[in-house]
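Student: Pasting a structure here, questions to come.
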Amino acid sequence: MVESYQPSSEHTLDRDCTTLSRHVLQQLQSFGPEAQDLSALMNRIALAGKLISRHLSRSGLVADTLGFTGKTNVQGEDVKKMDVFANDVFISVFKQSGLVCRLASEEMDEPYYIPENCPIGRYTLLYDPIDGSSNVDINLNVGSIFAIRRQTDDDLDQTAADLLTHGRDQLAAGYILYGPTTVLVYSIGNGVHSFTLDPSLGEFILTAENIQVPQHGPTYSVNEGNFWQWEESIRDFTRYVHRHQGYSSRYSGALVGDFHRILMQGGVFLYPGTKKNPAGKLRLLYETAPLAFLIEQAGGRASTGTERLLDVVPAELHQRTPLVIGSTEDVALVESFVQERLREQAPISAP
Ligand code: AFP
């Protein structure tokens with residue numbers, strides 16, 4: 001009798017080894033043109049992540065990786081060399097995609113057009129190439145945030161007006177976290193999934209599928225140095241967590257890392273407005289809306305404090321929004337303090 005072949009345990013894989021492109025196609029349950037496009041786009045994002053990860057891992061060893069360029073970006077912030085490198089990586093990777101006509105990022109005043117792609121490129125990539133870049137020089141985690149939107153008109157005057165819509169129009173969103181390992185988290189509207197870069201294979205391998213954020217978590221993540229700049233309602237919330245057992249403060253100064261902790265373990269991240277800057281610091285189209293898309297897919301909530309974040313329609317490309325994001329119960333708690341103060345301020349109507 002012929003014995004059936006048994007693979008030797010030496011050669012079996014550590015795990016199932018689902019790659020990102022296979023996963024996207026499985027998620028869409030289709031090999032149709034849009035599924036193929038999204039799979040190709042996610043592959044390109046993964047390639048950008050690998051190139052940035054490799055560069056970060058050698059920062060300080062090779063020239064021109066650390067420090068500032070001496071220029072400021074459209075937001076008036078000092079630009080780091082790593083910001084420029086990562087921004088250019090996304091551009092060069094998407095130049096070869098054929099699918100993307102425009103890219104818009106924190107580092108560019110106006111959208112960047114790839115004319116050779118525009119006749120067929122039906123998608124726009126919005127991204128923050130290095131979020132939390134002040135962490136680069138001290139060897140702490142940083143991230144890249146991205147969203148893919150369908151281009152809905154020809155944009156012949158190159159104003160990108162069709163991008164000024166609510167976040168429910170995002171086709172896909174996610175981030176890459178450059179930490180002890182490089183992790184890519186994404187959603188195409190069918191749950192949230194996490195992949196870890198295996199440097200020896202050069203592949204992102206599925207490590208967590210259908211991530212659900214706990215309904216409540218112990219972490220609150222906010223820059224309390226701004227305490228006296230906030231509205232009273234946000235101070236009320238922080239006083240509440242100071243006075244109740246079971247809360248821990250965690251804040252790294254890099255949104256992607258702080259958000260990842262909340263996604264995996266629950267709690268709430270806040271970047272509220274201040275009296276001077278009521279819209280806060282974070283940008284809607286390539287920071288808060290992509291993370292809002294993810295958290296809702298993971299069963300959590302994202303809010304401006306008064307409104308569902310995915311309902312906000314920007315008036316301009318680099319618009320900012322306040323952000324309250326995380327576990328459903330913790331976001332609701334913050335909102336309850338906001339509502340309480342709004343009730344107090346409302347004029348008393350005559351009987
Ligand atoms: P940088 O990229 O300029 O370091 O800004 C990072 C960031 O946009 C976001 O990643 C952080 O959550 C937030 O700003 C930190 O801002 P504060 O230093 O004002 O707390």
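Order determines the names: the first chain of the structure tokens is A, the second B, and so forth; residues in each chain are numbered 1 upward, and ligands are numbered 1 upward as they are shown.
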Could you give me, as JSON lines, a per-residue list for chain A showing, wherever an atom lies at most 10 Å from an atom of ligand 1, the closest pair of atoms and their distance in Å to one decimal, using only C-alpha atoms and all ligand atoms and sorting by chain then residue number from low to high?

Tutor:
{"residue": "A:Gln75", "atom": "CA", "partner": "ligand 1", "partner_atom_place_in_ligand_line": "3 (O)", "distance": 9.9}
{"residue": "A:Glu77", "atom": "CA", "partner": "ligand 1", "partner_atom_place_in_ligand_line": "3 (O)", "distance": 6.9}
{"residue": "A:Asp78", "atom": "CA", "partner": "ligand 1", "partner_atom_place_in_ligand_line": "3 (O)", "distance": 7.8}
{"residue": "A:Val79", "atom": "CA", "partner": "ligand 1", "partner_atom_place_in_ligand_line": "3 (O)", "distance": 8.3}
{"residue": "A:Lys80", "atom": "CA", "partner": "ligand 1", "partner_atom_place_in_ligand_line": "3 (O)", "distance": 8.9}
{"residue": "A:Asp83", "atom": "CA", "partner": "ligand 1", "partner_atom_place_in_ligand_line": "2 (O)", "distance": 8.4}
{"residue": "A:Glu106", "atom": "CA", "partner": "ligand 1", "partner_atom_place_in_ligand_line": "2 (O)", "distance": 9.4}
{"residue": "A:Asp128", "atom": "CA", "partner": "ligand 1", "partner_atom_place_in_ligand_line": "2 (O)", "distance": 8.7}
{"residue": "A:Pro129", "atom": "CA", "partner": "ligand 1", "partner_atom_place_in_ligand_line": "2 (O)", "distance": 9.2}
{"residue": "A:Ile130", "atom": "CA", "partner": "ligand 1", "partner_atom_place_in_ligand_line": "2 (O)", "distance": 6.4}
{"residue": "A:Asp131", "atom": "CA", "partner": "ligand 1", "partner_atom_place_in_ligand_line": "2 (O)", "distance": 4.3}
{"residue": "A:Gly132", "atom": "CA", "partner": "ligand 1", "partner_atom_place_in_ligand_line": "2 (O)", "distance": 3.4}
{"residue": "A:Ser133", "atom": "CA", "partner": "ligand 1", "partner_atom_place_in_ligand_line": "2 (O)", "distance": 4.2}
{"residue": "A:Ser134", "atom": "CA", "partner": "ligand 1", "partner_atom_place_in_ligand_line": "4 (O)", "distance": 4.1}
{"residue": "A:Asn135", "atom": "CA", "partner": "ligand 1", "partner_atom_place_in_ligand_line": "4 (O)", "distance": 6.6}
{"residue": "A:Val136", "atom": "CA", "partner": "ligand 1", "partner_atom_place_in_ligand_line": "4 (O)", "distance": 8.6}
{"residue": "A:Val142", "atom": "CA", "partner": "ligand 1", "partner_atom_place_in_ligand_line": "10 (O)", "distance": 7.8}
{"residue": "A:Gly143", "atom": "CA", "partner": "ligand 1", "partner_atom_place_in_ligand_line": "10 (O)", "distance": 8.0}
{"residue": "A:Ser144", "atom": "CA", "partner": "ligand 1", "partner_atom_place_in_ligand_line": "10 (O)", "distance": 9.5}
{"residue": "A:Ile145", "atom": "CA", "partner": "ligand 1", "partner_atom_place_in_ligand_line": "10 (O)", "distance": 9.8}
{"residue": "A:Ser221", "atom": "CA", "partner": "ligand 1", "partner_atom_place_in_ligand_line": "12 (O)", "distance": 9.2}
{"residue": "A:Val222", "atom": "CA", "partner": "ligand 1", "partner_atom_place_in_ligand_line": "20 (O)", "distance": 7.2}
{"residue": "A:Asn223", "atom": "CA", "partner": "ligand 1", "partner_atom_place_in_ligand_line": "20 (O)", "distance": 4.8}
{"residue": "A:Glu224", "atom": "CA", "partner": "ligand 1", "partner_atom_place_in_ligand_line": "20 (O)", "distance": 8.3}
{"residue": "A:Gly225", "atom": "CA", "partner": "ligand 1", "partner_atom_place_in_ligand_line": "20 (O)", "distance": 7.9}
{"residue": "A:Asn226", "atom": "CA", "partner": "ligand 1", "partner_atom_place_in_ligand_line": "19 (O)", "distance": 7.9}
{"residue": "A:Tyr251", "atom": "CA", "partner": "ligand 1", "partner_atom_place_in_ligand_line": "12 (O)", "distance": 8.1}
{"residue": "A:Ser252", "atom": "CA", "partner": "ligand 1", "partner_atom_place_in_ligand_line": "12 (O)", "distance": 7.5}
{"residue": "A:Gly253", "atom": "CA", "partner": "ligand 1", "partner_atom_place_in_ligand_line": "15 (C)", "distance": 4.3}
{"residue": "A:Ala254", "atom": "CA", "partner": "ligand 1", "partner_atom_place_in_ligand_line": "10 (O)", "distance": 3.6}
{"residue": "A:Leu255", "atom": "CA", "partner": "ligand 1", "partner_atom_place_in_ligand_line": "12 (O)", "distance": 3.6}
{"residue": "A:Val256", "atom": "CA", "partner": "ligand 1", "partner_atom_place_in_ligand_line": "10 (O)", "distance": 6.4}
{"residue": "A:Gly257", "atom": "CA", "partner": "ligand 1", "partner_atom_place_in_ligand_line": "10 (O)", "distance": 8.3}
{"residue": "A:Asp258", "atom": "CA", "partner": "ligand 1", "partner_atom_place_in_ligand_line": "12 (O)", "distance": 7.3}
{"residue": "A:Phe259", "atom": "CA", "partner": "ligand 1", "partner_atom_place_in_ligand_line": "12 (O)", "distance": 8.6}
{"residue": "A:Phe269", "atom": "CA", "partner": "ligand 1", "partner_atom_place_in_ligand_line": "12 (O)", "distance": 8.9}
{"residue": "A:Leu270", "atom": "CA", "partner": "ligand 1", "partner_atom_place_in_ligand_line": "12 (O)", "distance": 8.7}
{"residue": "A:Tyr271", "atom": "CA", "partner": "ligand 1", "partner_atom_place_in_ligand_line": "12 (O)", "distance": 7.2}
{"residue": "A:Gly280", "atom": "CA", "partner": "ligand 1", "partner_atom_place_in_ligand_line": "19 (O)", "distance": 8.9}
{"residue": "A:Lys281", "atom": "CA", "partner": "ligand 1", "partner_atom_place_in_ligand_line": "14 (O)", "distance": 6.7}
{"residue": "A:Leu282", "atom": "CA", "partner": "ligand 1", "partner_atom_place_in_ligand_line": "8 (O)", "distance": 5.7}
{"residue": "A:Arg283", "atom": "CA", "partner": "ligand 1", "partner_atom_place_in_ligand_line": "8 (O)", "distance": 8.0}
{"residue": "A:Glu287", "atom": "CA", "partner": "ligand 1", "partner_atom_place_in_ligand_line": "8 (O)", "distance": 8.1}

Student: Considering only C-alpha atoms, give me a table of residues in segment 126-194 of chain A that are at most 12 Å from segment 17-23 of chain A, with the closest atom pair and distance in Å for each, as JSON lines.

Tutor:
{"residue": "A:Val183", "atom": "CA", "partner": "A:Leu20", "partner_atom": "CA", "distance": 11.6}
{"residue": "A:Leu184", "atom": "CA", "partner": "A:Leu20", "partner_atom": "CA", "distance": 9.2}
{"residue": "A:Val185", "atom": "CA", "partner": "A:Leu20", "partner_atom": "CA", "distance": 10.2}
{"residue": "A:Tyr186", "atom": "CA", "partner": "A:Leu20", "partner_atom": "CA", "distance": 9.7}
{"residue": "A:Ser187", "atom": "CA", "partner": "A:His23", "partner_atom": "CA", "distance": 10.8}
{"residue": "A:Ile188", "atom": "CA", "partner": "A:His23", "partner_atom": "CA", "distance": 10.7}
{"residue": "A:Asn190", "atom": "CA", "partner": "A:His23", "partner_atom": "CA", "distance": 11.3}
{"residue": "A:Gly191", "atom": "CA", "partner": "A:His23", "partner_atom": "CA", "distance": 11.8}
{"residue": "A:Val192", "atom": "CA", "partner": "A:His23", "partner_atom": "CA", "distance": 11.5}
{"residue": "A:His193", "atom": "CA", "partner": "A:His23", "partner_atom": "CA", "distance": 9.2}
{"residue": "A:Ser194", "atom": "CA", "partner": "A:Leu20", "partner_atom": "CA", "distance": 9.3}

Student: Taking 2 positions as the minimum chain separation for residues in the same chain, which residues sit within 8 Å of Tyr220 of chain A when counting only C-alpha atoms? Answer as a VMD selection string.

Tutor: chain A and resid 218 222 247 to 250 267 to 270

Student: Go ahead and write the residues just picked, N, CA and C atoms, as an mmCIF file, in the first residue's frame.

Tutor:
data_model
loop_
_atom_site.group_PDB
_atom_site.id
_atom_site.type_symbol
_atom_site.label_atom_id
_atom_site.label_comp_id
_atom_site.auth_asym_id
_atom_site.auth_seq_id
_atom_site.Cartn_x
_atom_site.Cartn_y
_atom_site.Cartn_z
ATOM 1 N N PRO A 218 -9.483 50.647 29.984
ATOM 2 C CA PRO A 218 -8.931 51.425 31.097
ATOM 3 C C PRO A 218 -8.139 52.667 30.676
ATOM 4 N N VAL A 222 -4.560 61.418 26.084
ATOM 5 C CA VAL A 222 -4.754 62.820 25.727
ATOM 6 C C VAL A 222 -3.553 63.607 26.230
ATOM 7 N N TYR A 247 -8.656 53.843 35.734
ATOM 8 C CA TYR A 247 -8.193 54.501 34.503
ATOM 9 C C TYR A 247 -6.683 54.695 34.544
ATOM 10 N N SER A 248 -6.047 54.526 33.384
ATOM 11 C CA SER A 248 -4.618 54.808 33.254
ATOM 12 C C SER A 248 -4.414 55.761 32.088
ATOM 13 N N SER A 249 -3.489 56.686 32.253
ATOM 14 C CA SER A 249 -3.171 57.622 31.184
ATOM 15 C C SER A 249 -2.002 57.074 30.369
ATOM 16 N N ARG A 250 -2.146 57.076 29.038
ATOM 17 C CA ARG A 250 -1.064 56.653 28.141
ATOM 18 C C ARG A 250 -1.058 57.597 26.950
ATOM 19 N N GLY A 267 -10.641 51.785 25.492
ATOM 20 C CA GLY A 267 -10.372 53.077 26.111
ATOM 21 C C GLY A 267 -10.697 54.185 25.131
ATOM 22 N N VAL A 268 -10.147 55.361 25.383
ATOM 23 C CA VAL A 268 -10.488 56.488 24.523
ATOM 24 C C VAL A 268 -9.259 57.355 24.269
ATOM 25 N N PHE A 269 -9.125 57.788 23.015
ATOM 26 C CA PHE A 269 -8.097 58.765 22.637
ATOM 27 C C PHE A 269 -8.827 60.072 22.342
ATOM 28 N N LEU A 270 -8.261 61.175 22.845
ATOM 29 C CA LEU A 270 -8.858 62.480 22.566
ATOM 30 C C LEU A 270 -7.806 63.450 22.045
#

Student: Could you please determine the separation between atom CA of Tyr113 of chain A and atom CA of Gly70 of chain A in Å, to one decimal place?

Tutor: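 For atom CA of Tyr113 of chain A relative to atom CA of Gly70 of chain A, the distance reads 25.2 Å.
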
Student: Select, from A:Leu47, A:Leu197, A:Ile91, A:Ile325, the residue with the minimum atom-to-atom distance to Leu177 of chain A, counting only C-alpha atoms.

Tutor: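 The closest residue to Leu177 of chain A is A:Leu197.
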
Student: Fewer than 6 positions away in the same chain doesn't count, so skip those; otherwise give me all residues within 7 Å of His216 of chain A, counting only C-alpha atoms, as a list in words.

Tutor: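 Here the qualifying residues turn out to be Gly266, Gly267, Ser327, Thr328, Glu329 and Asp330 of chain A.
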
Student: For Gly246 of chain A, which residue out of A:Arg149, A:Gly217, A:Pro322, A:Asn73 is the nearest one, using only C-alpha atoms?

Tutor: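 With only C-alpha atoms as the atom set, the closest residue is A:Gly217.
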
Student: Can you check which residues of segment 218-327 of chain A DSSP gives as strand (DSSP E or B) on the backbone and send them as a ChimeraX atom specification?

Tutor: /A:219-221,248-249,267-271,283,301-303,308,320,323-326

Student: Give the answer as one residue: which of A:Glu344, A:Asp155, A:Asp311, A:Asp37 has the shortest atom-to-atom distance to Ala172 of chain A, using only C-alpha atoms?

Tutor: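 Closest candidate: A:Asp37.
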
Student: Give me, please, the distance in Å between atom CA of Arg54 of chain A and atom CA of Ala147 of chain A, quoted to one decimal.

Tutor: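 According to the coordinates, atom CA of Arg54 of chain A and atom CA of Ala147 of chain A are separated by 22.2 Å.
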
Student: Name the residues of segment 146-308 of chain A that fall into alpha helix (DSSP H) according to DSSP on the backbone, using the chain letters and numbers of this document, as a PyMOL selection string.

Tutor: chain A and resi 232-243+255-265+289-297

Student: Name the residues in contact with segment 151-153 of chain A at a cut-off of 8 Å, using only C-alpha atoms, excluding same-chain residues fewer than 4 positions from it; report them as JSON, numbers by chain.

Tutor: {"A": [122, 123, 124, 162, 163]}

Student: Which residue out of A:Asp109, A:Glu34, A:Phe204, A:Phe90 has the minimum interatomic distance to Leu125 of chain A when only C-alpha atoms are used?

Tutor: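 Ranked by minimum distance to Leu125 of chain A, first place goes to A:Phe90.
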
Student: Write out as JSON, numbers by chain which residues come within 12 Å of segment 157-159 of chain A when counting only C-alpha atoms, dropping same-chain ones fewer than 5 positions away.

Tutor: {"A": [101, 102, 103, 104, 109, 110, 111, 112, 113, 114, 115, 118, 151, 164, 316, 317]}

Student: Please produce an output containing N, CA and C atoms for each residue in the selection, written as a PDB file, in the first residue's frame.

Tutor:
ATOM      1  N   CYS A 101      -4.751  58.642  -9.748  1.00  0.00           N
ATOM      2  CA  CYS A 101      -4.482  59.876 -10.500  1.00  0.00           C
ATOM      3  C   CYS A 101      -3.979  60.971  -9.564  1.00  0.00           C
ATOM      4  N   ARG A 102      -4.479  60.962  -8.300  1.00  0.00           N
ATOM      5  CA  ARG A 102      -4.130  62.039  -7.361  1.00  0.00           C
ATOM      6  C   ARG A 102      -3.730  61.457  -6.021  1.00  0.00           C
ATOM      7  N   LEU A 103      -2.776  62.133  -5.388  1.00  0.00           N
ATOM      8  CA  LEU A 103      -2.454  61.830  -3.989  1.00  0.00           C
ATOM      9  C   LEU A 103      -2.549  63.135  -3.219  1.00  0.00           C
ATOM     10  N   ALA A 104      -3.049  63.070  -1.998  1.00  0.00           N
ATOM     11  CA  ALA A 104      -3.079  64.269  -1.159  1.00  0.00           C
ATOM     12  C   ALA A 104      -2.521  63.890   0.204  1.00  0.00           C
ATOM     13  N   ASP A 109       0.844  71.118  -0.151  1.00  0.00           N
ATOM     14  CA  ASP A 109      -0.217  72.127  -0.101  1.00  0.00           C
ATOM     15  C   ASP A 109      -1.413  71.712  -0.967  1.00  0.00           C
ATOM     16  N   GLU A 110      -1.092  71.254  -2.180  1.00  0.00           N
ATOM     17  CA  GLU A 110      -2.119  70.892  -3.160  1.00  0.00           C
ATOM     18  C   GLU A 110      -2.012  69.401  -3.454  1.00  0.00           C
ATOM     19  N   PRO A 111      -3.083  68.795  -4.010  1.00  0.00           N
ATOM     20  CA  PRO A 111      -2.956  67.387  -4.404  1.00  0.00           C
ATOM     21  C   PRO A 111      -1.844  67.226  -5.441  1.00  0.00           C
ATOM     22  N   TYR A 112      -1.240  66.062  -5.463  1.00  0.00           N
ATOM     23  CA  TYR A 112      -0.187  65.740  -6.430  1.00  0.00           C
ATOM     24  C   TYR A 112      -0.826  64.878  -7.522  1.00  0.00           C
ATOM     25  N   TYR A 113      -0.716  65.348  -8.766  1.00  0.00           N
ATOM     26  CA  TYR A 113      -1.330  64.612  -9.878  1.00  0.00           C
ATOM     27  C   TYR A 113      -0.282  63.777 -10.612  1.00  0.00           C
ATOM     28  N   ILE A 114      -0.700  62.598 -11.032  1.00  0.00           N
ATOM     29  CA  ILE A 114       0.178  61.748 -11.846  1.00  0.00           C
ATOM     30  C   ILE A 114      -0.473  61.690 -13.235  1.00  0.00           C
ATOM     31  N   PRO A 115      -0.116  62.641 -14.108  1.00  0.00           N
ATOM     32  CA  PRO A 115      -0.875  62.805 -15.369  1.00  0.00           C
ATOM     33  C   PRO A 115      -0.982  61.519 -16.179  1.00  0.00           C
ATOM     34  N   CYS A 118      -3.933  59.566 -15.004  1.00  0.00           N
ATOM     35  CA  CYS A 118      -5.273  60.165 -14.906  1.00  0.00           C
ATOM     36  C   CYS A 118      -6.302  59.647 -15.910  1.00  0.00           C
ATOM     37  N   GLN A 151     -12.330  58.404  -7.230  1.00  0.00           N
ATOM     38  CA  GLN A 151     -12.369  59.732  -7.853  1.00  0.00           C
ATOM     39  C   GLN A 151     -13.678  59.829  -8.619  1.00  0.00           C
ATOM     40  N   LEU A 164     -14.071  66.672  -1.143  1.00  0.00           N
ATOM     41  CA  LEU A 164     -14.641  67.303   0.055  1.00  0.00           C
ATOM     42  C   LEU A 164     -15.996  66.683   0.395  1.00  0.00           C
ATOM     43  N   GLU A 316     -12.267  72.286   3.187  1.00  0.00           N
ATOM     44  CA  GLU A 316     -10.983  72.365   2.468  1.00  0.00           C
ATOM     45  C   GLU A 316     -10.150  71.121   2.755  1.00  0.00           C
ATOM     46  N   LEU A 317      -9.143  70.928   1.909  1.00  0.00           N
ATOM     47  CA  LEU A 317      -8.343  69.697   1.935  1.00  0.00           C
ATOM     48  C   LEU A 317      -7.681  69.425   3.288  1.00  0.00           C
TER      49      LEU A 317
END

Student: For each of A:Ile234, A:Val312, A:Thr321, A:Gln297, take the minimum atom-to-atom distance to Leu333 of chain A, counting only C-alpha atoms, then give the residue where this is smallest.

Tutor: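 Closest to Leu333 of chain A of all the choices is A:Ile234.
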
Student: Could you pull the residues within 9 Å of Ala279 of chain A, counting only C-alpha atoms, minus those fewer than 4 positions along the same chain, as a list in words?

Tutor: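 My reading of the contact set: Pro272, Gly273, Thr274, Thr304, Gln319, Arg320, Thr321, Pro322 and Leu323 of chain A.
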
Student: Restricted to C-alpha atoms, what would the selected residues look like written as a CSV table (one decimal), in the first residue's frame?

Tutor:
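See selection.csv below for the written result:
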chain,number,residue,atom,x,y,z
A,272,PRO,CA,-10.0,68.1,21.5
A,273,GLY,CA,-10.1,71.6,20.3
A,274,THR,CA,-8.6,74.3,22.4
A,304,THR,CA,-15.9,65.3,17.3
A,319,GLN,CA,-9.3,70.8,7.4
A,320,ARG,CA,-8.8,69.9,11.1
A,321,THR,CA,-11.4,68.3,13.4
A,322,PRO,CA,-11.4,67.5,17.1
A,323,LEU,CA,-11.2,63.8,17.8

Student: List every residue of segment 51-157 of chain A that has an atom at most 12 Å from any atom of segment 42-46 of chain A, giving for each one its closest atom pair and the distance in Å to one decimal, counting only C-alpha atoms, sorted by chain and then by ascending residue number, as JSON lines.

Tutor:
{"residue": "A:Leu51", "atom": "CA", "partner": "A:Ala46", "partner_atom": "CA", "distance": 8.7}
{"residue": "A:Ile52", "atom": "CA", "partner": "A:Ala46", "partner_atom": "CA", "distance": 9.9}
{"residue": "A:Ser53", "atom": "CA", "partner": "A:Ala46", "partner_atom": "CA", "distance": 10.3}
{"residue": "A:Ala86", "atom": "CA", "partner": "A:Ile45", "partner_atom": "CA", "distance": 11.6}
{"residue": "A:Val89", "atom": "CA", "partner": "A:Ile45", "partner_atom": "CA", "distance": 9.9}
{"residue": "A:Phe90", "atom": "CA", "partner": "A:Ile45", "partner_atom": "CA", "distance": 7.6}
{"residue": "A:Ile91", "atom": "CA", "partner": "A:Arg44", "partner_atom": "CA", "distance": 10.4}
{"residue": "A:Ser92", "atom": "CA", "partner": "A:Arg44", "partner_atom": "CA", "distance": 10.1}
{"residue": "A:Val93", "atom": "CA", "partner": "A:Arg44", "partner_atom": "CA", "distance": 6.3}
{"residue": "A:Phe94", "atom": "CA", "partner": "A:Arg44", "partner_atom": "CA", "distance": 6.8}
{"residue": "A:Lys95", "atom": "CA", "partner": "A:Arg44", "partner_atom": "CA", "distance": 10.1}
{"residue": "A:Gln96", "atom": "CA", "partner": "A:Arg44", "partner_atom": "CA", "distance": 9.0}
{"residue": "A:Ser97", "atom": "CA", "partner": "A:Arg44", "partner_atom": "CA", "distance": 7.3}
{"residue": "A:Gly98", "atom": "CA", "partner": "A:Arg44", "partner_atom": "CA", "distance": 10.9}
{"residue": "A:Leu99", "atom": "CA", "partner": "A:Arg44", "partner_atom": "CA", "distance": 10.4}
{"residue": "A:Val100", "atom": "CA", "partner": "A:Arg44", "partner_atom": "CA", "distance": 10.6}
{"residue": "A:Leu125", "atom": "CA", "partner": "A:Ile45", "partner_atom": "CA", "distance": 9.6}
{"residue": "A:Leu126", "atom": "CA", "partner": "A:Ile45", "partner_atom": "CA", "distance": 11.3}
{"residue": "A:Tyr127", "atom": "CA", "partner": "A:Ile45", "partner_atom": "CA", "distance": 10.2}
{"residue": "A:Pro129", "atom": "CA", "partner": "A:Ile45", "partner_atom": "CA", "distance": 10.8}
{"residue": "A:Ser144", "atom": "CA", "partner": "A:Ile45", "partner_atom": "CA", "distance": 9.8}
{"residue": "A:Ile145", "atom": "CA", "partner": "A:Ile45", "partner_atom": "CA", "distance": 10.1}
{"residue": "A:Phe146", "atom": "CA", "partner": "A:Ile45", "partner_atom": "CA", "distance": 8.4}
{"residue": "A:Ala147", "atom": "CA", "partner": "A:Ile45", "partner_atom": "CA", "distance": 10.1}
{"residue": "A:Ile148", "atom": "CA", "partner": "A:Met42", "partner_atom": "CA", "distance": 9.3}

Student: Taking a cut-off of 12 Å and counting only C-alpha atoms, can you build a table that, for each residue of segment 174-204 of chain A near segment 57-65 of chain A, reports the nearest atom pair and how far apart they are in Å (one decimal), sorted by chain then residue number, as CSV?

Tutor:
residue,atom,partner,partner_atom,distance
A:Tyr178,CA,A:Ser57,CA,9.1
A:Gly179,CA,A:Ser57,CA,9.9
A:Pro180,CA,A:Ser57,CA,10.0
A:Thr181,CA,A:Ser57,CA,10.4
A:Thr182,CA,A:Ser57,CA,10.3
A:Pro199,CA,A:Ser57,CA,11.3

Student: How would the residues just chosen look if you wrote them out with all heavy atoms as an mmCIF file, in the first residue's frame?

Tutor:
data_model
loop_
_atom_site.group_PDB
_atom_site.id
_atom_site.type_symbol
_atom_site.label_atom_id
_atom_site.label_comp_id
_atom_site.auth_asym_id
_atom_site.auth_seq_id
_atom_site.Cartn_x
_atom_site.Cartn_y
_atom_site.Cartn_z
ATOM 1 N N TYR A 178 5.060 51.565 12.784
ATOM 2 C CA TYR A 178 6.472 51.161 12.793
ATOM 3 C C TYR A 178 6.913 51.107 14.247
ATOM 4 O O TYR A 178 7.279 52.132 14.830
ATOM 5 C CB TYR A 178 7.317 52.151 11.981
ATOM 6 C CG TYR A 178 6.731 52.455 10.606
ATOM 7 C CD1 TYR A 178 6.005 53.626 10.385
ATOM 8 C CD2 TYR A 178 6.885 51.561 9.541
ATOM 9 C CE1 TYR A 178 5.457 53.908 9.143
ATOM 10 C CE2 TYR A 178 6.331 51.838 8.296
ATOM 11 C CZ TYR A 178 5.612 53.005 8.109
ATOM 12 O OH TYR A 178 5.055 53.281 6.873
ATOM 13 N N GLY A 179 6.785 49.957 14.856
ATOM 14 C CA GLY A 179 7.147 49.779 16.265
ATOM 15 C C GLY A 179 8.167 48.668 16.367
ATOM 16 O O GLY A 179 8.953 48.460 15.425
ATOM 17 N N PRO A 180 8.172 47.925 17.476
ATOM 18 C CA PRO A 180 9.081 46.770 17.560
ATOM 19 C C PRO A 180 8.917 45.843 16.357
ATOM 20 O O PRO A 180 9.883 45.294 15.849
ATOM 21 C CB PRO A 180 8.654 46.084 18.859
ATOM 22 C CG PRO A 180 8.046 47.166 19.680
ATOM 23 C CD PRO A 180 7.382 48.093 18.703
ATOM 24 N N THR A 181 7.662 45.683 15.892
ATOM 25 C CA THR A 181 7.439 45.076 14.571
ATOM 26 C C THR A 181 6.666 46.096 13.732
ATOM 27 O O THR A 181 6.124 47.060 14.273
ATOM 28 C CB THR A 181 6.600 43.778 14.651
ATOM 29 O OG1 THR A 181 5.324 44.103 15.217
ATOM 30 C CG2 THR A 181 7.295 42.708 15.463
ATOM 31 N N THR A 182 6.647 45.861 12.433
ATOM 32 C CA THR A 182 5.858 46.741 11.556
ATOM 33 C C THR A 182 4.517 46.062 11.309
ATOM 34 O O THR A 182 4.464 44.917 10.855
ATOM 35 C CB THR A 182 6.608 47.002 10.239
ATOM 36 O OG1 THR A 182 7.821 47.683 10.569
ATOM 37 C CG2 THR A 182 5.803 47.853 9.282
ATOM 38 N N PRO A 199 10.151 40.289 8.176
ATOM 39 C CA PRO A 199 11.233 40.867 7.377
ATOM 40 C C PRO A 199 11.972 39.823 6.555
ATOM 41 O O PRO A 199 12.474 40.125 5.475
ATOM 42 C CB PRO A 199 12.170 41.494 8.410
ATOM 43 C CG PRO A 199 11.456 41.446 9.711
ATOM 44 C CD PRO A 199 10.401 40.399 9.610
#

Student: Using only C-alpha atoms, which of A:Thr288, A:Thr238, A:Asn139, A:Thr165 sits nearest Arg301 of chain A?

Tutor: A:Thr288
